[in-house]
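Colleague: Dropping in model39.pdb, which is PDB, C-alpha atoms:
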ATOM      1  CA  MET A   1    -118.883 150.747 243.167
ATOM      2  CA  THR A   2    -117.259 150.015 246.527
ATOM      3  CA  ARG A   3    -115.558 146.995 244.996
ATOM      4  CA  VAL A   4    -114.141 149.085 242.143
ATOM      5  CA  ARG A   5    -112.817 151.659 244.619
ATOM      6  CA  ALA A   6    -111.105 148.928 246.624
ATOM      7  CA  ILE A   7    -109.401 147.537 243.528
ATOM      8  CA  VAL A   8    -108.204 151.013 242.488
ATOM      9  CA  VAL A   9    -106.815 151.647 245.976
ATOM     10  CA  THR A  10    -105.090 148.259 245.904
ATOM     11  CA  LEU A  11    -103.373 149.007 242.598
ATOM     12  CA  PHE A  12    -102.277 152.418 243.900
ATOM     13  CA  LEU A  13    -100.763 150.825 247.011
ATOM     14  CA  ILE A  14     -98.914 148.332 244.836
ATOM     15  CA  PHE A  15     -97.444 151.186 242.794
ATOM     16  CA  LEU A  16     -96.302 153.060 245.903
ATOM     17  CA  SER A  17     -94.749 149.964 247.460
ATOM     18  CA  GLN A  18     -92.887 149.137 244.260
ATOM     19  CA  GLN A  19     -91.569 152.697 244.005
ATOM     20  CA  SER A  20     -90.329 152.561 247.599
ATOM     21  CA  PHE A  21     -88.777 149.147 247.084
ATOM     22  CA  ALA A  22     -87.039 150.275 243.879
ATOM     23  CA  GLU A  23     -85.631 153.382 245.567
ATOM     24  CA  SER A  24     -84.159 151.367 248.434
ATOM     25  CA  ASP A  25     -82.702 148.902 245.945
ATOM     26  CA  ASN A  26     -80.953 151.678 243.998
ATOM     27  CA  ILE A  27     -78.635 152.667 246.868
ATOM     28  CA  LYS A  28     -75.519 151.304 245.173
ATOM     29  CA  THR A  29     -72.569 152.438 243.082
ATOM     30  CA  TRP A  30     -73.073 150.249 240.002
ATOM     31  CA  HIS A  31     -75.560 149.305 237.285
ATOM     32  CA  ASN A  32     -77.188 145.901 237.614
ATOM     33  CA  VAL A  33     -76.421 143.480 234.794
ATOM     34  CA  LEU A  34     -79.725 142.723 233.093
ATOM     35  CA  SER A  35     -80.717 139.508 231.358
ATOM     36  CA  ASP A  36     -83.786 137.492 230.457
ATOM     37  CA  SER A  37     -83.494 136.009 233.956
ATOM     38  CA  THR A  38     -84.362 138.004 237.067
ATOM     39  CA  ASP A  39     -80.862 137.452 238.484
ATOM     40  CA  THR A  40     -77.595 136.475 236.843
ATOM     41  CA  GLY A  41     -73.849 136.423 237.453
ATOM     42  CA  THR A  42     -70.545 134.818 236.490
ATOM     43  CA  LEU A  43     -68.336 132.619 238.678
ATOM     44  CA  GLY A  44     -65.424 130.223 238.360
ATOM     45  CA  GLY A  45     -61.851 130.865 237.368
ATOM     46  CA  VAL A  46     -60.264 127.402 237.289
ATOM     47  CA  SER A  47     -57.271 127.885 234.971
ATOM     48  CA  ILE A  48     -54.622 125.814 233.195
ATOM     49  CA  SER A  49     -51.538 127.068 231.362
ATOM     50  CA  LEU A  50     -51.402 125.816 227.757
ATOM     51  CA  SER A  51     -47.634 125.663 227.724
ATOM     52  CA  GLU A  52     -45.776 124.132 224.781
ATOM     53  CA  ASN A  53     -43.535 122.353 227.276
ATOM     54  CA  VAL A  54     -46.264 120.002 228.513
ATOM     55  CA  SER A  55     -49.020 118.016 226.826
ATOM     56  CA  SER A  56     -51.531 117.714 229.667
ATOM     57  CA  ASP A  57     -52.588 119.381 232.894
ATOM     58  CA  SER A  58     -55.414 119.358 235.421
ATOM     59  CA  ASN A  59     -56.775 121.713 238.069
ATOM     60  CA  THR A  60     -59.500 121.340 240.698
ATOM     61  CA  MET A  61     -60.643 124.225 242.889
ATOM     62  CA  SER A  62     -63.300 124.626 245.552
ATOM     63  CA  SER A  63     -65.370 127.798 245.451
ATOM     64  CA  ALA A  64     -63.387 129.200 248.385
ATOM     65  CA  GLU A  65     -60.338 129.215 246.100
ATOM     66  CA  TRP A  66     -62.011 130.822 243.097
ATOM     67  CA  PRO A  67     -60.830 134.322 242.181
ATOM     68  CA  HIS A  68     -63.132 137.296 241.919
ATOM     69  CA  LEU A  69     -63.831 137.786 238.209
ATOM     70  CA  ILE A  70     -63.556 141.285 236.758
ATOM     71  CA  GLU A  71     -64.491 141.441 233.069
ATOM     72  CA  VAL A  72     -63.118 144.560 231.396
ATOM     73  CA  TYR A  73     -63.998 146.127 228.045
ATOM     74  CA  THR A  74     -60.988 148.007 226.727
ATOM     75  CA  ALA A  75     -58.992 149.102 223.675
ATOM     76  CA  THR A  76     -55.377 149.951 222.940
ATOM     77  CA  TRP A  77     -56.332 153.566 222.131
ATOM     78  CA  CYS A  78     -58.356 154.045 225.334
ATOM     79  CA  THR A  79     -56.518 156.375 227.720
ATOM     80  CA  ASN A  80     -59.237 156.204 230.375
ATOM     81  CA  CYS A  81     -58.775 152.428 230.386
ATOM     82  CA  VAL A  82     -55.266 152.938 231.777
ATOM     83  CA  ARG A  83     -56.774 154.793 234.716
ATOM     84  CA  THR A  84     -59.489 152.223 235.457
ATOM     85  CA  GLU A  85     -57.037 149.328 235.137
ATOM     86  CA  ALA A  86     -54.776 151.004 237.697
ATOM     87  CA  ILE A  87     -57.735 151.185 240.077
ATOM     88  CA  THR A  88     -58.585 147.495 239.699
ATOM     89  CA  ASN A  89     -54.911 146.646 240.226
ATOM     90  CA  SER A  90     -54.956 148.551 243.522
ATOM     91  CA  LEU A  91     -58.136 147.067 245.019
ATOM     92  CA  ILE A  92     -57.803 146.057 248.666
ATOM     93  CA  LEU A  93     -57.972 142.276 249.079
ATOM     94  CA  SER A  94     -58.119 140.148 252.193
ATOM     95  CA  ASP A  95     -55.551 137.389 252.723
ATOM     96  CA  ASN A  96     -57.665 134.661 251.102
ATOM     97  CA  GLU A  97     -58.880 136.686 248.108
ATOM     98  CA  SER A  98     -57.581 136.972 244.547
ATOM     99  CA  ILE A  99     -58.672 138.640 241.325
ATOM    100  CA  MET A 100     -58.785 137.398 237.750
ATOM    101  CA  GLN A 101     -59.059 140.217 235.214
ATOM    102  CA  ILE A 102     -60.418 139.316 231.780
ATOM    103  CA  HIS A 103     -59.859 142.005 229.144
ATOM    104  CA  TYR A 104     -62.187 142.121 226.144
ATOM    105  CA  HIS A 105     -60.521 144.172 223.417
ATOM    106  CA  ARG A 106     -62.762 146.022 220.990
ATOM    107  CA  PHE A 107     -63.043 144.152 217.671
ATOM    108  CA  ILE A 108     -66.157 145.017 215.657
ATOM    109  CA  ALA A 109     -65.455 148.041 213.397
ATOM    110  CA  GLU A 110     -62.041 148.345 215.062
ATOM    111  CA  VAL A 111     -58.911 149.339 213.105
ATOM    112  CA  GLN A 112     -56.457 150.261 215.884
ATOM    113  CA  ASP A 113     -56.622 147.292 218.278
ATOM    114  CA  PRO A 114     -55.271 143.886 217.129
ATOM    115  CA  PHE A 115     -56.171 141.794 220.184
ATOM    116  CA  GLY A 116     -59.944 141.258 220.068
ATOM    117  CA  SER A 117     -62.004 138.681 218.192
ATOM    118  CA  GLN A 118     -65.538 138.245 216.900
ATOM    119  CA  GLU A 119     -66.204 135.685 219.630
ATOM    120  CA  THR A 120     -65.199 138.017 222.453
ATOM    121  CA  ASP A 121     -67.169 140.999 221.141
ATOM    122  CA  ASP A 122     -70.214 138.776 220.587
ATOM    123  CA  ARG A 123     -69.982 137.575 224.169
ATOM    124  CA  TRP A 124     -69.781 141.134 225.516
ATOM    125  CA  VAL A 125     -72.759 142.333 223.476
ATOM    126  CA  ASP A 126     -74.885 139.280 224.278
ATOM    127  CA  ARG A 127     -74.055 139.334 227.962
ATOM    128  CA  TYR A 128     -73.635 143.029 228.809
ATOM    129  CA  GLY A 129     -74.786 144.981 225.762
ATOM    130  CA  LYS A 130     -78.307 145.689 227.030
ATOM    131  CA  SER A 131     -77.076 146.889 230.423
ATOM    132  CA  SER A 132     -74.337 149.007 228.833
ATOM    133  CA  ASP A 133     -76.799 150.605 226.428
ATOM    134  CA  ILE A 134     -79.099 151.571 229.296
ATOM    135  CA  ALA A 135     -76.206 152.944 231.353
ATOM    136  CA  GLY A 136     -74.255 154.695 228.601
ATOM    137  CA  ASP A 137     -76.257 154.591 225.331
ATOM    138  CA  LEU A 138     -73.841 152.138 223.670
ATOM    139  CA  GLU A 139     -73.479 148.357 223.862
ATOM    140  CA  ARG A 140     -69.671 148.502 223.926
ATOM    141  CA  ILE A 141     -68.014 151.259 225.947
ATOM    142  CA  ALA A 142     -64.310 151.389 226.758
ATOM    143  CA  PRO A 143     -63.669 151.403 229.635
ATOM    144  CA  SER A 144     -66.305 149.200 231.261
ATOM    145  CA  ASN A 145     -65.832 146.867 234.224
ATOM    146  CA  VAL A 146     -68.114 144.068 235.447
ATOM    147  CA  PHE A 147     -67.665 142.476 238.873
ATOM    148  CA  ASP A 148     -68.791 138.843 239.299
ATOM    149  CA  GLY A 149     -70.921 139.162 236.162
ATOM    150  CA  GLU A 150     -73.416 141.236 238.174
ATOM    151  CA  ARG A 151     -72.221 144.798 238.785
ATOM    152  CA  LEU A 152     -71.422 147.016 235.794
ATOM    153  CA  HIS A 153     -69.399 150.247 235.796
ATOM    154  CA  VAL A 154     -69.359 152.252 232.558
ATOM    155  CA  GLY A 155     -66.816 154.935 231.712
ATOM    156  CA  THR A 156     -65.145 156.924 234.484
ATOM    157  CA  THR A 157     -68.142 158.544 236.165
ATOM    158  CA  PHE A 158     -68.679 157.591 239.796
ATOM    159  CA  SER A 159     -71.525 157.535 242.322
ATOM    160  CA  SER A 160     -69.575 157.818 245.578
ATOM    161  CA  ASP A 161     -66.671 160.130 246.390
ATOM    162  CA  SER A 162     -64.395 158.537 243.756
ATOM    163  CA  LEU A 163     -64.143 155.802 241.143
ATOM    164  CA  ASP A 164     -61.748 153.980 243.481
ATOM    165  CA  THR A 165     -64.479 153.787 246.121
ATOM    166  CA  ASP A 166     -67.088 152.668 243.582
ATOM    167  CA  TYR A 167     -64.865 149.796 242.454
ATOM    168  CA  GLN A 168     -63.963 148.815 246.005
ATOM    169  CA  ILE A 169     -67.638 148.670 246.999
ATOM    170  CA  SER A 170     -68.402 146.475 243.980
ATOM    171  CA  PHE A 171     -65.479 144.220 244.803
ATOM    172  CA  ASP A 172     -66.494 143.923 248.462
ATOM    173  CA  THR A 173     -70.092 143.054 247.550
ATOM    174  CA  ALA A 174     -70.572 139.291 247.612
ATOM    175  CA  PRO A 175     -72.163 137.476 244.665
ATOM    176  CA  SER A 176     -75.930 137.255 245.085
ATOM    177  CA  ILE A 177     -75.913 133.457 244.914
ATOM    178  CA  GLU A 178     -74.903 131.027 247.662
ATOM    179  CA  TYR A 179     -72.039 128.970 246.258
ATOM    180  CA  SER A 180     -69.960 127.878 249.251
ATOM    181  CA  ASP A 181     -70.265 124.171 248.391
ATOM    182  CA  PHE A 182     -69.464 124.556 244.675
ATOM    183  CA  SER A 183     -66.309 123.201 243.044
ATOM    184  CA  ALA A 184     -64.915 122.786 239.535
ATOM    185  CA  THR A 185     -62.366 120.664 237.688
ATOM    186  CA  LEU A 186     -60.691 121.319 234.336
ATOM    187  CA  ASN A 187     -58.474 118.867 232.428
ATOM    188  CA  TRP A 188     -56.457 119.391 229.252
ATOM    189  CA  PHE A 189     -54.795 116.887 226.934
ATOM    190  CA  ASN A 190     -52.848 117.628 223.754
ATOM    191  CA  GLU A 191     -52.572 114.639 221.438
ATOM    192  CA  SER A 192     -51.126 114.974 217.929
ATOM    193  CA  ASP A 193     -51.705 118.738 217.982
ATOM    194  CA  THR A 194     -55.348 118.221 218.967
ATOM    195  CA  ASP A 195     -56.562 119.831 222.189
ATOM    196  CA  ARG A 196     -59.091 117.946 224.281
ATOM    197  CA  PHE A 197     -60.716 119.414 227.370
ATOM    198  CA  SER A 198     -62.869 117.780 230.021
ATOM    199  CA  TRP A 199     -64.595 119.567 232.863
ATOM    200  CA  ASN A 200     -66.955 119.234 235.787
ATOM    201  CA  ILE A 201     -68.815 121.945 237.683
ATOM    202  CA  SER A 202     -70.375 120.709 240.917
ATOM    203  CA  THR A 203     -73.270 122.811 242.284
ATOM    204  CA  PRO A 204     -74.984 120.520 244.847
ATOM    205  CA  SER A 205     -76.958 123.235 246.642
ATOM    206  CA  LEU A 206     -78.195 124.966 243.486
ATOM    207  CA  ALA A 207     -81.988 124.988 243.246
ATOM    208  CA  GLU A 208     -83.791 123.723 240.148
ATOM    209  CA  SER A 209     -84.831 127.280 239.312
ATOM    210  CA  TYR A 210     -81.198 128.078 238.443
ATOM    211  CA  THR A 211     -79.375 127.189 235.244
ATOM    212  CA  VAL A 212     -75.636 127.103 234.573
ATOM    213  CA  SER A 213     -73.904 127.977 231.268
ATOM    214  CA  PRO A 214     -70.217 126.918 231.319
ATOM    215  CA  LYS A 215     -67.561 128.429 229.047
ATOM    216  CA  LEU A 216     -63.874 128.195 228.301
ATOM    217  CA  PHE A 217     -62.021 131.508 228.154
ATOM    218  CA  PHE A 218     -58.646 131.565 226.379
ATOM    219  CA  ILE A 219     -56.540 134.342 227.889
ATOM    220  CA  GLU A 220     -53.141 135.655 226.817
ATOM    221  CA  GLU A 221     -51.038 136.840 229.732
ATOM    222  CA  VAL A 222     -49.427 139.756 227.889
ATOM    223  CA  GLY A 223     -49.258 141.034 224.309
ATOM    224  CA  TYR A 224     -46.821 143.598 222.914
ATOM    225  CA  PHE A 225     -48.265 146.370 220.726
ATOM    226  CA  PRO A 226     -46.148 149.567 220.719
ATOM    227  CA  GLU A 227     -48.551 151.287 218.304
ATOM    228  CA  GLY A 228     -51.267 151.470 220.961
ATOM    229  CA  GLY A 229     -52.719 154.966 221.180
ATOM    230  CA  ASN A 230     -52.772 154.982 224.986
ATOM    231  CA  GLY A 231     -49.007 154.429 225.128
ATOM    232  CA  GLU A 232     -49.083 151.222 227.155
ATOM    233  CA  GLU A 233     -47.211 148.959 224.666
ATOM    234  CA  TYR A 234     -47.735 145.862 226.862
ATOM    235  CA  TYR A 235     -51.339 144.735 227.317
ATOM    236  CA  HIS A 236     -52.328 142.163 229.918
ATOM    237  CA  ASN A 237     -55.030 139.525 230.485
ATOM    238  CA  ILE A 238     -56.173 139.566 226.852
ATOM    239  CA  LEU A 239     -59.269 137.463 226.140
ATOM    240  CA  ARG A 240     -58.499 135.820 222.794
ATOM    241  CA  ASP A 241     -61.357 133.340 222.397
ATOM    242  CA  ILE A 242     -64.469 131.887 224.045
ATOM    243  CA  VAL A 243     -65.964 128.417 223.667
ATOM    244  CA  ASP A 244     -69.450 127.635 224.993
ATOM    245  CA  LEU A 245     -69.789 124.269 226.715
ATOM    246  CA  PRO A 246     -72.980 122.200 226.419
ATOM    247  CA  SER A 247     -73.374 121.054 230.029
ATOM    248  CA  GLN A 248     -71.870 121.166 233.515
ATOM    249  CA  GLU A 249     -69.808 118.067 232.794
ATOM    250  CA  GLY A 250     -68.312 116.693 229.613
ATOM    251  CA  GLU A 251     -65.440 116.449 227.160
ATOM    252  CA  ILE A 252     -64.785 118.339 223.941
ATOM    253  CA  LEU A 253     -62.208 118.822 221.181
ATOM    254  CA  VAL A 254     -61.491 122.516 220.651
ATOM    255  CA  ASP A 255     -59.818 124.733 218.067
ATOM    256  CA  TYR A 256     -59.151 128.164 219.520
ATOM    257  CA  ASN A 257     -57.483 131.440 218.590
ATOM    258  CA  SER A 258     -53.779 131.414 219.374
ATOM    259  CA  ALA A 259     -51.922 134.052 221.368
ATOM    260  CA  TYR A 260     -51.215 137.327 219.573
ATOM    261  CA  ASP A 261     -47.534 136.798 220.254
ATOM    262  CA  GLY A 262     -45.604 134.310 222.345
ATOM    263  CA  THR A 263     -47.012 131.163 223.953
ATOM    264  CA  ASP A 264     -48.382 132.582 227.210
ATOM    265  CA  LEU A 265     -51.944 131.348 226.738
ATOM    266  CA  SER A 266     -54.116 129.835 229.455
ATOM    267  CA  VAL A 267     -57.606 128.342 229.475
ATOM    268  CA  VAL A 268     -60.098 129.269 232.195
ATOM    269  CA  LEU A 269     -63.338 127.505 233.134
ATOM    270  CA  VAL A 270     -66.120 129.922 234.120
ATOM    271  CA  PHE A 271     -69.894 129.758 234.130
ATOM    272  CA  ASP A 272     -72.801 132.157 233.912
ATOM    273  CA  TRP A 273     -75.633 131.383 236.310
ATOM    274  CA  HIS A 274     -79.227 132.412 235.759
ATOM    275  CA  TYR A 275     -82.225 132.443 238.057
ATOM    276  CA  ASN A 276     -85.357 131.615 236.087
ATOM    277  CA  ASP A 277     -88.323 133.100 237.932
ATOM    278  CA  ASP A 278     -91.555 131.584 236.633
ATOM    279  CA  SER A 279     -93.756 132.689 239.512
ATOM    280  CA  GLY A 280     -95.390 135.527 237.596
ATOM    281  CA  ALA A 281     -95.838 139.261 238.040
ATOM    282  CA  PHE A 282     -96.368 139.125 241.832
ATOM    283  CA  SER A 283     -92.893 137.685 242.380
ATOM    284  CA  ALA A 284     -91.362 141.177 242.288
ATOM    285  CA  LEU A 285     -93.357 142.221 245.350
ATOM    286  CA  PRO A 286     -91.723 142.095 248.775
ATOM    287  CA  PHE A 287     -93.453 139.433 250.891
ATOM    288  CA  PRO A 288     -95.344 141.796 253.282
ATOM    289  CA  ASN A 289     -96.732 143.758 250.340
ATOM    290  CA  LEU A 290     -97.880 140.540 248.714
ATOM    291  CA  ILE A 291     -99.871 139.676 251.856
ATOM    292  CA  VAL A 292    -101.506 143.122 251.799
ATOM    293  CA  LEU A 293    -102.298 142.728 248.106
ATOM    294  CA  VAL A 294    -104.010 139.370 248.562
ATOM    295  CA  SER A 295    -105.971 140.574 251.589
ATOM    296  CA  LEU A 296    -107.251 143.661 249.800
ATOM    297  CA  PHE A 297    -108.331 141.717 246.747
ATOM    298  CA  VAL A 298    -110.179 139.175 248.877
ATOM    299  CA  ALA A 299    -111.960 141.976 250.716
ATOM    300  CA  ALA A 300    -112.804 143.750 247.486
ATOM    301  CA  LEU A 301    -114.274 140.715 245.795
ATOM    302  CA  HIS A 302    -116.164 139.277 248.790
ATOM    303  CA  PRO A 303    -119.907 140.096 248.545
ATOM    304  CA  ARG A 304    -121.127 142.316 251.384
ATOM    305  CA  LYS A 305    -124.462 141.724 253.139
ATOM    306  CA  ASN A 306    -126.844 144.649 253.320
ATOM    307  CA  LYS A 307    -127.988 145.608 256.831
ATOM    308  CA  LEU A 308    -131.753 146.205 257.095
ATOM    309  CA  SER A 309    -133.042 148.734 259.609
ATOM    310  CA  MET A 310    -135.819 147.516 261.853
TER     311      MET A 310
END
Could the structure of this file be written out as structure tokens, please?
Modeller:
Amino acid sequence: MTRVRAIVVTLFLIFLSQQSFAESDNIKTWHNVLSDSTDTGTLGGVSISLSENVSSDSNTMSSAEWPHLIEVYTATWCTNCVRTEAITNSLILSDNESIMQIHYHRFIAEVQDPFGSQETDDRWVDRYGKSSDIAGDLERIAPSNVFDGERLHVGTTFSSDSLDTDYQISFDTAPSIEYSDFSATLNWFNESDTDRFSWNISTPSLAESYTVSPKLFFIEEVGYFPEGGNGEEYYHNILRDIVDLPSQEGEILVDYNSAYDGTDLSVVLVFDWHYNDDSGAFSALPFPNLIVLVSLFVAALHPRKNKLSM
């Protein structure tokens, strides 16, 4: 009976420690991006202009040069999107920082916005749909903003004193992965109207428990659509297409969606990273609590000797 009591007490202590740990972890102004991995994010931003005036180009960037990625879900009829875009455009940056905004335009069941595609909506739903549904009851909500593939803001509600502060806190929060020694290279060749891309993503310090999923984003600098319901007419940083890449290094021939108008298309190399935690249920416990847990179980299961009175 004593052993049963000890086990019950142990489980109760685990519950209390997890509640306390969760509460301390929730002191933030965003929703965590959820995935099948315990941790995930998006990095990169090596870009090349696909100008008609040249037939090849190359770009190599160290991680210190990579821009902060802000993925935005938007629509041409979304008036609140104008407000949130103005906030991201006014974020305070240090001298060595830059931002790359990537605008996903609503496509599925959409009749008013001409910029999106099946590929871009699929990416948003697969990557952020679960988190968006938990935060706002829908997989696709305009406006939504994701910082570094980790920190999601849905709609225009805020947790601090203003939406501006919420966004600034998300921007100032560093990615949860150490990537200071990373680098990436992207090459493009156009031969007989065929586009060939080669790439390399170097992650020397990345542990084996992490995986990397590279992608090419095709982004139009600006598209003109005067019929937009939010009155903007000119829409910027339009994500036109996405191509998944099979490995961290390789070469591929690609057909991609063209620009909506003009020739101001660029290709950007990014990658999702995932931490695959296979250590089991106890991995979520903070280390001191894990020690307590093990000690209590050992004590509970160890047979006790009866003391005989003389």
Colleague: May I have the protein, DNA and RNA residues with any atom at most 10 Å from the point (-60.2, 123.4, 231.1), counting only C-alpha atoms, written as JSON, numbers by chain?
Modeller: {"A": [45, 46, 47, 48, 49, 50, 57, 58, 59, 60, 184, 185, 186, 187, 188, 189, 196, 197, 198, 199, 200, 215, 216, 217, 218, 251, 252, 266, 267, 268, 269, 270]}
Colleague: Counting all atoms listed in the file, which of A:Tyr210, A:Tyr73, A:Phe182, A:Tyr234 gets nearest to Glu139 (chain A)?
Modeller: A:Tyr73
Colleague: Starting from the displayed file, determine the output of the PyMOL selection byres ((chain A and resi 156-172) around 10) and express the residue list as a PyMOL selection string.
Modeller: chain A and resi 27-30+68-70+80-81+83-84+86-88+90-94+99+142-148+150-155+173-175
Colleague: Write out as a PDB file with C-alpha atoms, in the frame of the given file the residues lying within 9 Å of Ile238 (chain A), counting all atoms listed in the file and excluding same-chain residues fewer than 4 positions away.
Modeller:
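Listed below is the output, result38.pdb:
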ATOM      1  CA  GLN A 101     -59.059 140.217 235.214  1.00  0.00           C
ATOM      2  CA  ILE A 102     -60.418 139.316 231.780  1.00  0.00           C
ATOM      3  CA  HIS A 103     -59.859 142.005 229.144  1.00  0.00           C
ATOM      4  CA  TYR A 104     -62.187 142.121 226.144  1.00  0.00           C
ATOM      5  CA  HIS A 105     -60.521 144.172 223.417  1.00  0.00           C
ATOM      6  CA  PHE A 115     -56.171 141.794 220.184  1.00  0.00           C
ATOM      7  CA  GLY A 116     -59.944 141.258 220.068  1.00  0.00           C
ATOM      8  CA  PHE A 218     -58.646 131.565 226.379  1.00  0.00           C
ATOM      9  CA  ILE A 219     -56.540 134.342 227.889  1.00  0.00           C
ATOM     10  CA  GLU A 220     -53.141 135.655 226.817  1.00  0.00           C
ATOM     11  CA  GLU A 221     -51.038 136.840 229.732  1.00  0.00           C
ATOM     12  CA  VAL A 222     -49.427 139.756 227.889  1.00  0.00           C
ATOM     13  CA  GLY A 223     -49.258 141.034 224.309  1.00  0.00           C
ATOM     14  CA  ALA A 259     -51.922 134.052 221.368  1.00  0.00           C
TER      15      ALA A 259
END
Colleague: Would you mind telling me which residue in A:Leu206, A:Ile108, A:Leu34, A:Met61 lies nearest to Asp122 (chain A) when using all atoms listed in the file?
Modeller: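 Between A:Leu206, A:Ile108, A:Leu34, A:Met61, the residue approaching Asp122 (chain A) most closely is A:Ile108.
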Colleague: I need the output of the PyMOL selection byres ((chain A and resi 244) around 8) for this file as a PDB file with C-alpha atoms, in the frame of the given file; which residues are they?
Modeller:
ATOM      1  CA  SER A 213     -73.904 127.977 231.268  1.00  0.00           C
ATOM      2  CA  PRO A 214     -70.217 126.918 231.319  1.00  0.00           C
ATOM      3  CA  LYS A 215     -67.561 128.429 229.047  1.00  0.00           C
ATOM      4  CA  LEU A 216     -63.874 128.195 228.301  1.00  0.00           C
ATOM      5  CA  ILE A 242     -64.469 131.887 224.045  1.00  0.00           C
ATOM      6  CA  VAL A 243     -65.964 128.417 223.667  1.00  0.00           C
ATOM      7  CA  LEU A 245     -69.789 124.269 226.715  1.00  0.00           C
ATOM      8  CA  PRO A 246     -72.980 122.200 226.419  1.00  0.00           C
TER       9      PRO A 246
END
Colleague: Quote the spacing between CA of Phe271 (chain A) and CA of Leu138 (chain A) in Å to one decimal place.
Modeller: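 Calculated distance between CA of Phe271 (chain A) and CA of Leu138 (chain A) is 25.0 Å.
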Colleague: From the set A:Asp126, A:Asp137, A:Glu208, A:Asp113, which residue has the shortest atom-to-atom contact distance to Asn276 (chain A), counting all atoms listed in the file?
Modeller: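 Under the stated criterion, the closest residue is A:Glu208.
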Colleague: To one decimal place in Å, what is the distance between CA of Asp277 (chain A) and CA of Gly149 (chain A)?
Modeller: 18.5 Å
Colleague: Which residue gives the smallest distance to Ser183 (chain A) among A:Val111, A:Ala75, A:Val125, A:Leu43, with all atoms listed in the file counted?
Modeller: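 Nearest to Ser183 (chain A): A:Leu43.
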Colleague: How many Å lie between CA of Gly228 (chain A) and CA of Asn89 (chain A), rounded to one decimal?
Modeller: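 So the answer is 20.2 Å.
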Colleague: Closest to Asn190 (chain A) among A:Leu253, A:Ala109, A:His31, A:Asp39, using all atoms listed in the file?
Modeller: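 Among the listed residues, the smallest separation from Asn190 (chain A) belongs to A:Leu253.
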Colleague: Padding 4 Å on each side, edges along x, y and z: where is the centre of the box around the listed atoms of region 136-139 of chain A, and how long are its edges in Å to one decimal? Output it as lines of an AutoDock Vina configuration file.
Modeller:
center_x = -74.9
center_y = 151.5
center_z = 226.1
size_x = 10.8
size_y = 14.3
size_z = 12.9
Colleague: Using all atoms listed in the file for the distances, tell me which of A:Trp66, A:Ser202, A:Tyr256, A:Gly229 is nearest to Ser98 (chain A).
Modeller: A:Trp66
